[in-house]
Amino acid sequence: MADYFPAFLDLRGRACLVVGGGLVAERKARALVECGARVTVVSPLVTTGLGALVAADRIVHRARRFRRSDLRGCALAIAATGDSIVDAAVESTGRRRRVLVNVVDRPAQCDFILPSVLRRGELQIAVSTGGRSPALARAIRRRLEGLFDPDYGDLVARVGAERHRARAAAVTAEDRLDAAERVAGLALVGR
């Protein structure tokens, strides 16, 4: 049985916290920024890449150690310090404040885990092993990259517009569903 409920979160404009300043924290912060989240990174030191995001006003950097108050108003937090004491503090404080928490490389301490994601425009294909083998998830994602070329982003946009038109012309809920299925099926013919 699966441990996790798969979902895509809309974090546009929502406060998100990344605790840690290394390369892993940088990857997580960049992914959040790409989704439109308002990202704060808390760490005494940060990578050059995180520093560049700060300089470009893409993230906020608090150059100090984690404080419980850092989680105030956050939708989610990622603990990426590698320090089990700090990561546990982020986890326990986050849970008390009802903030979703991910502790990197510690699935048992996570409210959510992050899949390996293949992106082609608006098409996103997420691969997860439930935290059991992130390297396997990445390897599977890399295999999928060869099956889904960059043109799939354009396909999603085109099919979305066609779906909208087809559903608008349908009379009943069942007709709308059938219309959407028909548009999607025709889009994949010959691919």
# chains A, B, ... in the order shown; residues from 1 in each chain; ligands from 1
$ select_by_dssp --residues "chain A" --states "helix (DSSP H, G or I)" --output "number ranges by chain"
A: 23-34, 48-55, 68-71, 84-96, 107-109, 134-145, 152-169, 173-188
$ closest_residue --among "A:Leu144, A:Leu114, A:Val42, A:Leu136" --to "A:Leu9" --atoms "only C-alpha atoms"
A:Leu114
$ residues_around --residues "A:Arg143" --least-positions-apart "3" --cutoff "12 Å" --atoms "only C-alpha atoms" --output "list in words"
Ser116, Val117, Leu118, Ile125, Val127, Leu136, Ala137, Arg138, Ala139, Ile140, Gly146, Leu147, Phe148 and Asp149 of chain A
$ residues_around --residues "stretch 64-79 of chain A" --least-positions-apart "6" --cutoff "9 Å" --atoms "only C-alpha atoms" --output "JSON, numbers by chain"
{"A": [11, 14, 15, 16, 17, 18, 19, 20, 25, 28, 29, 40, 42, 43, 44, 45, 86, 87, 88, 89, 90, 91, 93, 94, 97, 98, 99, 100, 101, 102, 103, 104]}
$ write_last_selection --atoms "C-alpha atoms" --output "PDB file, in the first residue's frame"
ATOM      1  CA  LEU A  11       2.462  27.511  -3.630  1.00  0.00           C
ATOM      2  CA  ARG A  14       2.837  31.285  -0.138  1.00  0.00           C
ATOM      3  CA  ALA A  15       5.600  31.511   2.456  1.00  0.00           C
ATOM      4  CA  CYS A  16       7.981  28.548   2.413  1.00  0.00           C
ATOM      5  CA  LEU A  17      11.042  27.985   4.585  1.00  0.00           C
ATOM      6  CA  VAL A  18      14.270  26.196   3.716  1.00  0.00           C
ATOM      7  CA  VAL A  19      16.604  25.572   6.649  1.00  0.00           C
ATOM      8  CA  GLY A  20      20.153  24.972   5.447  1.00  0.00           C
ATOM      9  CA  ALA A  25      19.020  23.446   0.238  1.00  0.00           C
ATOM     10  CA  LYS A  28      14.991  22.826  -2.887  1.00  0.00           C
ATOM     11  CA  ALA A  29      14.887  26.636  -2.741  1.00  0.00           C
ATOM     12  CA  THR A  40      13.118  32.270   3.053  1.00  0.00           C
ATOM     13  CA  VAL A  42      17.772  30.281   7.174  1.00  0.00           C
ATOM     14  CA  SER A  43      21.448  29.385   7.484  1.00  0.00           C
ATOM     15  CA  PRO A  44      24.579  31.113   8.767  1.00  0.00           C
ATOM     16  CA  LEU A  45      26.252  30.461   5.387  1.00  0.00           C
ATOM     17  CA  VAL A  86      18.438  21.108  13.847  1.00  0.00           C
ATOM     18  CA  ASP A  87      16.380  19.029  11.408  1.00  0.00           C
ATOM     19  CA  ALA A  88      14.455  17.461  14.318  1.00  0.00           C
ATOM     20  CA  ALA A  89      13.755  20.937  15.726  1.00  0.00           C
ATOM     21  CA  VAL A  90      12.348  22.053  12.363  1.00  0.00           C
ATOM     22  CA  GLU A  91      10.221  18.897  12.219  1.00  0.00           C
ATOM     23  CA  THR A  93       8.144  22.864  15.578  1.00  0.00           C
ATOM     24  CA  GLY A  94       6.566  22.549  12.160  1.00  0.00           C
ATOM     25  CA  ARG A  97       2.433  24.838  14.057  1.00  0.00           C
ATOM     26  CA  ARG A  98       0.673  22.652  11.468  1.00  0.00           C
ATOM     27  CA  VAL A  99       3.287  23.383   8.812  1.00  0.00           C
ATOM     28  CA  LEU A 100       4.022  20.578   6.353  1.00  0.00           C
ATOM     29  CA  VAL A 101       7.642  19.513   6.838  1.00  0.00           C
ATOM     30  CA  ASN A 102      10.152  17.637   4.702  1.00  0.00           C
ATOM     31  CA  VAL A 103      13.385  16.519   6.338  1.00  0.00           C
ATOM     32  CA  VAL A 104      15.777  15.691   3.514  1.00  0.00           C
TER      33      VAL A 104
END
$ atom_distance --atom1 "atom CA of A:Cys35" --atom2 "atom CA of A:Gly49"
17.5 Å
$ select_by_dssp --residues "stretch 10-68 of chain A" --states "strand (DSSP E or B)" --output "ChimeraX atom specification"
/A:15-19,38-42,59-62
$ closest_residue --among "A:Val46, A:Ala180, A:Ala56, A:Val159" --to "A:Val33" --atoms "only C-alpha atoms"
A:Ala56
$ closest_residue --among "A:Val24, A:Ile59, A:Arg191, A:Thr129" --to "A:Val41" --atoms "only C-alpha atoms"
A:Ile59
$ closest_residue --among "A:Arg182, A:Arg141, A:Arg176, A:Arg120" --to "A:Val156" --atoms "only C-alpha atoms"
A:Arg120
$ atom_distance --atom1 "atom CA of A:Gly51" --atom2 "atom CA of A:Gly22"
10.9 Å
$ atom_distance --atom1 "atom CA of A:Ala161" --atom2 "atom CA of A:Arg12"
22.9 Å
$ decode --residues "stretch 90-154 of chain A" --atoms "C-alpha atoms" --output "short mmCIF file (atom, residue, chain, number, x, y, z; two decimals), in the first residue's frame"
data_model
loop_
_atom_site.label_atom_id
_atom_site.label_comp_id
_atom_site.auth_asym_id
_atom_site.auth_seq_id
_atom_site.Cartn_x
_atom_site.Cartn_y
_atom_site.Cartn_z
CA VAL A 90 12.35 22.05 12.36
CA GLU A 91 10.22 18.90 12.22
CA SER A 92 8.79 19.12 15.74
CA THR A 93 8.14 22.86 15.58
CA GLY A 94 6.57 22.55 12.16
CA ARG A 95 4.21 19.83 13.31
CA ARG A 96 3.15 21.87 16.34
CA ARG A 97 2.43 24.84 14.06
CA ARG A 98 0.67 22.65 11.47
CA VAL A 99 3.29 23.38 8.81
CA LEU A 100 4.02 20.58 6.35
CA VAL A 101 7.64 19.51 6.84
CA ASN A 102 10.15 17.64 4.70
CA VAL A 103 13.39 16.52 6.34
CA VAL A 104 15.78 15.69 3.51
CA ASP A 105 16.78 12.01 3.38
CA ARG A 106 14.65 11.12 6.42
CA PRO A 107 11.23 9.93 5.13
CA ALA A 108 10.11 8.85 8.61
CA GLN A 109 10.34 12.51 9.70
CA CYS A 110 8.48 13.89 6.68
CA ASP A 111 4.90 15.00 6.19
CA PHE A 112 5.61 14.94 2.46
CA ILE A 113 8.39 13.75 0.20
CA LEU A 114 9.59 15.28 -3.05
CA PRO A 115 9.52 13.16 -6.19
CA SER A 116 11.90 13.27 -9.10
CA VAL A 117 10.08 15.41 -11.68
CA LEU A 118 10.23 15.48 -15.47
CA ARG A 119 8.99 18.84 -16.79
CA ARG A 120 7.93 19.62 -20.32
CA GLY A 121 6.19 22.98 -20.12
CA GLU A 122 3.01 22.46 -18.11
CA LEU A 123 3.42 18.66 -18.31
CA GLN A 124 4.93 17.33 -15.10
CA ILE A 125 5.58 13.65 -14.52
CA ALA A 126 6.51 12.84 -10.94
CA VAL A 127 8.31 9.63 -9.98
CA SER A 128 8.47 8.49 -6.38
CA THR A 129 9.63 5.38 -4.58
CA GLY A 130 8.01 6.48 -1.32
CA GLY A 131 11.40 7.65 -0.09
CA ARG A 132 12.86 4.15 -0.31
CA SER A 133 15.27 4.92 -3.18
CA PRO A 134 15.44 8.48 -4.51
CA ALA A 135 18.28 7.38 -6.82
CA LEU A 136 15.95 4.83 -8.46
CA ALA A 137 13.27 7.52 -8.90
CA ARG A 138 15.85 9.75 -10.62
CA ALA A 139 16.97 6.88 -12.87
CA ILE A 140 13.38 6.17 -13.91
CA ARG A 141 12.79 9.88 -14.56
CA ARG A 142 15.89 9.98 -16.77
CA ARG A 143 14.52 7.06 -18.81
CA LEU A 144 11.21 8.88 -19.23
CA GLU A 145 13.02 11.96 -20.57
CA GLY A 146 13.69 10.06 -23.79
CA LEU A 147 10.00 9.25 -24.19
CA PHE A 148 8.71 12.79 -23.65
CA ASP A 149 10.49 15.33 -25.84
CA PRO A 150 10.24 19.09 -25.23
CA ASP A 151 7.35 19.34 -27.75
CA TYR A 152 5.06 17.84 -25.12
CA GLY A 153 4.87 21.28 -23.49
CA ASP A 154 3.30 22.66 -26.67
#
